[in-house]
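Working notes, beginning with the structure itself.
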Amino acid sequence: MSVALPRLGERPSAAGDPITAIRTRVVRAPYRRPFQISSGISTELISLVAEVETAGGARGVGETSPMTAYTGETLAGVTAAIEDHLTPALVGLDPLDRAGAHLAMDTALRGQHVAKAALDIALYDLAGRLSGWPVHALLGGRVRDRVPIAWVVGLGTLDEMAAEAAEYAALGFRHIKVKGGHDPERDLELVRAVRAALPADAELCLDANEGYDLSALPALARMADAGLSLLEQPLPHWDVAGLARLRERLDVRVMVDESMQSPQDALEIVRRGAADVLNIKILKVGGLYRALQIAAIADAAGLAVKIGSMPELGVATLAALHLAAALPGATVPADLVGPLLVEAEPLAPAAFAAADGWVDVPRAPGLGHDL
């Protein structure tokens with residue numbers, strides 16, 4: 001596709017059209033099986049879709065998912081943040097001024113990253129549609145045409161979790177993440193059971209979702225000996241010093257998730273030597289704009305990146321897919337399985353139809369999909 005570029009000093013003609021309206025709607029999709037982590041269980045994936053419209057009629061679509069068991073935020077709170085605070089801050093602004101949009105949102109409302117992410121994604125989608133470029137081009141380019149993805153196994157019995165891991169490894173997934181965090185000795189048995197069910201070339205990650213303290217060190221050391229490849233967020237998010245001590249004593253890579261919710265958090269993790277991998281979830285950090293800042297910090301520090309998921313449905317998952325395609329340091333398979341966990345994906349069913357461990361990166365303008 002050829003694109004007519006503006007001359008030096010010019011901007012696309014539609015860029016002068018300010019943001020005039022932001023609309024939201026709730027989308028729900030039942031999980032194929034209840035999705036459980038150490039902090040709670042969900043039976044359906046609930047998302048809030050946000051549409052940003054300009055005076056010229058151009059539209060961009062974003063999505064966010066509060067996942068209360070993980071974030072502590074609620075659908076009602078996220079909706080109110082967007083409708084009552086963030087929409088008034090953005091209406092009238094140039095939709096291509098994404099830095100200005102984040103400044104306006106941060107001035108209007110502290111925190112609320114989950115709410116801001118929906119609008120950030122919509123603005124990137126809108127910018128891509130106005131320019132004719134896919135979102136990954138706006139993020140710096142495309143270093144991979146297909147993104148490897150991990151399968152995420154929620155909590156269950158040892159036999160159920162091992163069987164699910166084996167099922168998806170047979171489909172082509174070569175990175176399996178299992179949820180744990182209630183009991184390190186039980187999780188040691190889980191690692192052994194899942195490792196035995198996987199092919200030799202498959203990586204195994206255990207996500208404790210902040211469930212342990214430092215007394216879990218002996219069991220974690222045995223997990224490394226049993227074939228664990230990656231350990232995610234073993235300690236509470238606030239215990240960065242403990243994560244650094246744990247990392248020094250374990251022969252397994254440590255990844256942070258809940259501890260890393262902003263560029264400032266990323267700097268502190270690097271300074272403390274608390275992780276080998278940063279899990280960047282665009283909804284958790286406030287969108288693609290902040291995710292790029294965090295990825296730059298990881299790159300400068302020589303840390304790998306994983307693009308994570310809350311999980312969410314197709315629109316936000318597509319945004320994360322573009323990010324994973326654009327970052328050279330995103331070398332750990334991405335957790336982009338939200339659309340595969342639900343009974344029927346209502347937002348982008350065709351984009352994630354294949355479940356073979358890889359997803360193709362869209363080439364169409366914006367996110368690459370029309371609702």
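The way I read the labels, and the way they are meant: chains A, B, ... in the order of the structure tokens, residue 1 as the first residue of every chain, and ligand 1 as the first ligand shown, with later ones counted on from there.
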With only C-alpha atoms as the counted atoms, please give the residues lying no more than 8 Å from Phe35 in chain A, apart from itself and same-chain residues fewer than 6 positions off, as a PyMOL selection string. chain A and resi 41-43+154-155
Writing out the chosen residues with C-alpha atoms as a CSV table (one decimal), in the first residue's frame:
chain,number,residue,atom,x,y,z
A,41,ILE,CA,-11.3,-16.2,40.1
A,42,SER,CA,-13.2,-14.9,37.1
A,43,THR,CA,-15.9,-16.6,35.1
A,154,GLY,CA,-5.0,-21.0,35.4
A,155,LEU,CA,-5.1,-22.7,38.8
Nearby residues (only C-alpha atoms) at most 9 Å from range 176-184 of chain A, same-chain spacing under 5 positions excluded, as a PyMOL selection string: chain A and resi 36-39+150-156+161+165+168-169+189-191+194+198+202-212+216-217+219-220+230+234+335
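For range 92-280 of chain A, backbone-based DSSP assignment of strand (DSSP E or B) covers Pro134, Arg146, Val147, Pro148, Ile149, Trp151, Val152, Val153, His175, Ile176, Lys177, Val178, Lys179, Glu203, Leu204, Cys205, Leu206, Asp207, Leu230, Leu231, Glu232, Arg253, Val254, Met255, Val256, Val277, Leu278, Asn279 and Ile280 of chain A.
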Just list the residues in range 65-312 of chain A DSSP gives helix (DSSP H, G or I) on the backbone, as a PyMOL selection string. chain A and resi 68-71+75-90+98-108+113-131+135-138+158-171+184-197+214-225+240-249+263-272+282-285+288-301
I want to know what sits within 6 Å of range 138-149 of chain A, based on only C-alpha atoms, with residues of the same chain fewer than 2 positions away left out; could you give that as a list in words? Val135, His136, Ala325, Ala326, Pro333, Ala334, Asp335, Gly357, Trp358, Val359, Asp360 and Val361 of chain A
For the residues in the current selection, export N, CA and C atoms as a compact mmCIF listing (two decimals), in the first residue's frame.
# COMPACT_ATOMS: atom_id res chain seq x y z
N VAL A 135 -0.20 0.33 13.48
CA VAL A 135 0.27 0.86 14.75
C VAL A 135 1.74 0.52 14.98
N HIS A 136 2.20 -0.67 14.56
CA HIS A 136 3.61 -0.99 14.81
C HIS A 136 4.55 -0.01 14.12
N ALA A 325 5.60 -6.78 18.20
CA ALA A 325 6.24 -6.82 16.88
C ALA A 325 7.29 -5.73 16.72
N ALA A 326 7.14 -4.63 17.45
CA ALA A 326 8.00 -3.47 17.26
C ALA A 326 9.22 -3.44 18.17
N PRO A 333 8.18 -15.05 24.78
CA PRO A 333 6.86 -15.16 24.14
C PRO A 333 5.78 -14.43 24.92
N ALA A 334 4.91 -13.74 24.17
CA ALA A 334 3.92 -12.84 24.76
C ALA A 334 2.71 -13.62 25.28
N ASP A 335 2.07 -13.06 26.31
CA ASP A 335 0.88 -13.68 26.92
C ASP A 335 -0.41 -13.21 26.24
N GLY A 357 0.56 -21.20 18.76
CA GLY A 357 1.74 -20.62 19.37
C GLY A 357 2.31 -19.41 18.67
N TRP A 358 1.68 -18.97 17.59
CA TRP A 358 2.14 -17.79 16.85
C TRP A 358 0.93 -16.97 16.41
N VAL A 359 1.10 -15.64 16.31
CA VAL A 359 0.06 -14.77 15.76
C VAL A 359 0.71 -13.85 14.73
N ASP A 360 0.08 -13.75 13.56
CA ASP A 360 0.59 -12.86 12.51
C ASP A 360 0.30 -11.41 12.86
N VAL A 361 1.23 -10.53 12.51
CA VAL A 361 1.09 -9.11 12.80
C VAL A 361 0.29 -8.43 11.69
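Minimum atom-to-atom distances from A:Ala224, A:Val61, A:Ile46, A:Ala301 to Leu318 in chain A were compared using only C-alpha atoms, and the lowest value belongs to A:Val61.
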Give me the residues near range 85-95 of chain A as a PDB file with N, CA and C atoms, in the first residue's frame, where near means some atom within 7 Å (using only C-alpha atoms) and where sequence neighbours in that chain fewer than 6 positions away do not count.
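Final output, out23.pdb:
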ATOM      1  N   ALA A  15      -5.439  15.985  10.691  1.00  0.00           N
ATOM      2  CA  ALA A  15      -4.865  16.199  12.011  1.00  0.00           C
ATOM      3  C   ALA A  15      -5.408  17.453  12.673  1.00  0.00           C
ATOM      4  N   GLY A  16      -5.912  18.401  11.859  1.00  0.00           N
ATOM      5  CA  GLY A  16      -6.433  19.624  12.444  1.00  0.00           C
ATOM      6  C   GLY A  16      -7.793  19.449  13.080  1.00  0.00           C
ATOM      7  N   ASP A  17      -8.416  18.308  12.867  1.00  0.00           N
ATOM      8  CA  ASP A  17      -9.735  18.066  13.439  1.00  0.00           C
ATOM      9  C   ASP A  17      -9.591  17.638  14.892  1.00  0.00           C
ATOM     10  N   PRO A  18     -10.116  18.386  15.836  1.00  0.00           N
ATOM     11  CA  PRO A  18      -9.951  18.038  17.246  1.00  0.00           C
ATOM     12  C   PRO A  18     -10.842  16.872  17.655  1.00  0.00           C
ATOM     13  N   ILE A  19     -10.519  16.305  18.798  1.00  0.00           N
ATOM     14  CA  ILE A  19     -11.366  15.280  19.398  1.00  0.00           C
ATOM     15  C   ILE A  19     -12.673  15.930  19.834  1.00  0.00           C
ATOM     16  N   THR A  20     -13.785  15.325  19.438  1.00  0.00           N
ATOM     17  CA  THR A  20     -15.093  15.899  19.783  1.00  0.00           C
ATOM     18  C   THR A  20     -15.915  15.006  20.703  1.00  0.00           C
ATOM     19  N   ALA A  21     -15.654  13.702  20.695  1.00  0.00           N
ATOM     20  CA  ALA A  21     -16.487  12.813  21.500  1.00  0.00           C
ATOM     21  C   ALA A  21     -15.724  11.544  21.845  1.00  0.00           C
ATOM     22  N   ILE A  22     -16.035  10.992  22.999  1.00  0.00           N
ATOM     23  CA  ILE A  22     -15.517   9.691  23.422  1.00  0.00           C
ATOM     24  C   ILE A  22     -16.701   8.889  23.946  1.00  0.00           C
ATOM     25  N   ALA A 101      -1.830  14.323  25.076  1.00  0.00           N
ATOM     26  CA  ALA A 101      -2.985  13.622  25.630  1.00  0.00           C
ATOM     27  C   ALA A 101      -2.649  13.017  26.982  1.00  0.00           C
ATOM     28  N   ALA A 104      -2.425  15.739  29.573  1.00  0.00           N
ATOM     29  CA  ALA A 104      -3.762  16.203  29.962  1.00  0.00           C
ATOM     30  C   ALA A 104      -4.445  15.185  30.871  1.00  0.00           C
ATOM     31  N   MET A 105      -4.308  13.896  30.550  1.00  0.00           N
ATOM     32  CA  MET A 105      -4.950  12.880  31.388  1.00  0.00           C
ATOM     33  C   MET A 105      -4.315  12.828  32.768  1.00  0.00           C
ATOM     34  N   ALA A 108      -5.503  15.703  34.813  1.00  0.00           N
ATOM     35  CA  ALA A 108      -6.906  15.585  35.225  1.00  0.00           C
ATOM     36  C   ALA A 108      -7.113  14.547  36.305  1.00  0.00           C
ATOM     37  N   LEU A 109      -6.282  13.484  36.308  1.00  0.00           N
ATOM     38  CA  LEU A 109      -6.543  12.368  37.209  1.00  0.00           C
ATOM     39  C   LEU A 109      -5.252  11.601  37.454  1.00  0.00           C
ATOM     40  N   LEU A 123      -6.255   6.318  20.569  1.00  0.00           N
ATOM     41  CA  LEU A 123      -5.522   7.380  19.888  1.00  0.00           C
ATOM     42  C   LEU A 123      -4.488   6.814  18.915  1.00  0.00           C
TER      43      LEU A 123
END
Might you pull out every residue within 7 Å of Val49 in chain A, with only C-alpha atoms counted and same-chain residues fewer than 5 positions away left off, and present them as a tab-separated table (two decimals) with C-alpha atoms, in the first residue's frame?
chain	number	residue	atom	x	y	z
A	24	THR	CA	-17.78	3.72	25.89
A	25	ARG	CA	-19.56	0.38	25.94
A	26	VAL	CA	-19.17	-2.79	27.97
A	62	GLY	CA	-9.44	1.20	22.30
A	63	GLU	CA	-10.17	-1.34	25.00
A	64	THR	CA	-9.39	-1.97	28.63
Between A:Asp125, A:Val114, A:Glu185, A:Thr157, single out the one closest to Ala319 in chain A, counting only C-alpha atoms. A:Asp125
Counting only C-alpha atoms, the residue among A:Ala275, A:Met223, A:Leu292, A:Val305 that lies closest to Leu246 in chain A is A:Ala275
Nearby residues (only C-alpha atoms) at most 10 Å from Gly329 in chain A, same-chain spacing under 5 positions excluded, as number ranges by chain: A: 143, 277, 295-296, 298-299, 302-306, 324
Could you save the residues just selected, with N, CA and C atoms, as a PDB file, in the first residue's frame?
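Output file again_20.pdb is given in full below:
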ATOM      1  N   VAL A 143       9.952  -5.528  13.726  1.00  0.00           N
ATOM      2  CA  VAL A 143      11.151  -6.370  13.731  1.00  0.00           C
ATOM      3  C   VAL A 143      10.800  -7.845  13.596  1.00  0.00           C
ATOM      4  N   VAL A 277      13.718  -9.954  33.596  1.00  0.00           N
ATOM      5  CA  VAL A 277      12.704  -9.719  32.560  1.00  0.00           C
ATOM      6  C   VAL A 277      11.642  -8.785  33.127  1.00  0.00           C
ATOM      7  N   ALA A 295       9.995   0.061  27.858  1.00  0.00           N
ATOM      8  CA  ALA A 295      10.816  -0.791  26.999  1.00  0.00           C
ATOM      9  C   ALA A 295      12.186  -0.159  26.743  1.00  0.00           C
ATOM     10  N   ALA A 296      12.235   1.158  26.625  1.00  0.00           N
ATOM     11  CA  ALA A 296      13.520   1.831  26.421  1.00  0.00           C
ATOM     12  C   ALA A 296      14.418   1.669  27.650  1.00  0.00           C
ATOM     13  N   ALA A 298      14.294  -0.879  29.775  1.00  0.00           N
ATOM     14  CA  ALA A 298      14.727  -2.272  29.757  1.00  0.00           C
ATOM     15  C   ALA A 298      15.857  -2.475  28.767  1.00  0.00           C
ATOM     16  N   ASP A 299      15.736  -1.876  27.595  1.00  0.00           N
ATOM     17  CA  ASP A 299      16.772  -2.019  26.569  1.00  0.00           C
ATOM     18  C   ASP A 299      18.090  -1.429  27.036  1.00  0.00           C
ATOM     19  N   GLY A 302      19.743  -3.740  29.466  1.00  0.00           N
ATOM     20  CA  GLY A 302      20.029  -5.091  29.007  1.00  0.00           C
ATOM     21  C   GLY A 302      19.052  -6.136  29.514  1.00  0.00           C
ATOM     22  N   LEU A 303      17.818  -5.726  29.861  1.00  0.00           N
ATOM     23  CA  LEU A 303      16.801  -6.655  30.332  1.00  0.00           C
ATOM     24  C   LEU A 303      15.885  -7.065  29.184  1.00  0.00           C
ATOM     25  N   ALA A 304      15.428  -8.291  29.229  1.00  0.00           N
ATOM     26  CA  ALA A 304      14.453  -8.761  28.245  1.00  0.00           C
ATOM     27  C   ALA A 304      13.065  -8.261  28.629  1.00  0.00           C
ATOM     28  N   VAL A 305      12.163  -8.327  27.653  1.00  0.00           N
ATOM     29  CA  VAL A 305      10.789  -7.869  27.841  1.00  0.00           C
ATOM     30  C   VAL A 305       9.831  -8.978  27.430  1.00  0.00           C
ATOM     31  N   LYS A 306       8.768  -9.105  28.187  1.00  0.00           N
ATOM     32  CA  LYS A 306       7.623  -9.931  27.809  1.00  0.00           C
ATOM     33  C   LYS A 306       6.422  -9.009  27.703  1.00  0.00           C
ATOM     34  N   ALA A 324       4.608  -5.940  20.620  1.00  0.00           N
ATOM     35  CA  ALA A 324       5.537  -7.069  20.601  1.00  0.00           C
ATOM     36  C   ALA A 324       6.269  -7.164  19.273  1.00  0.00           C
TER      37      ALA A 324
END
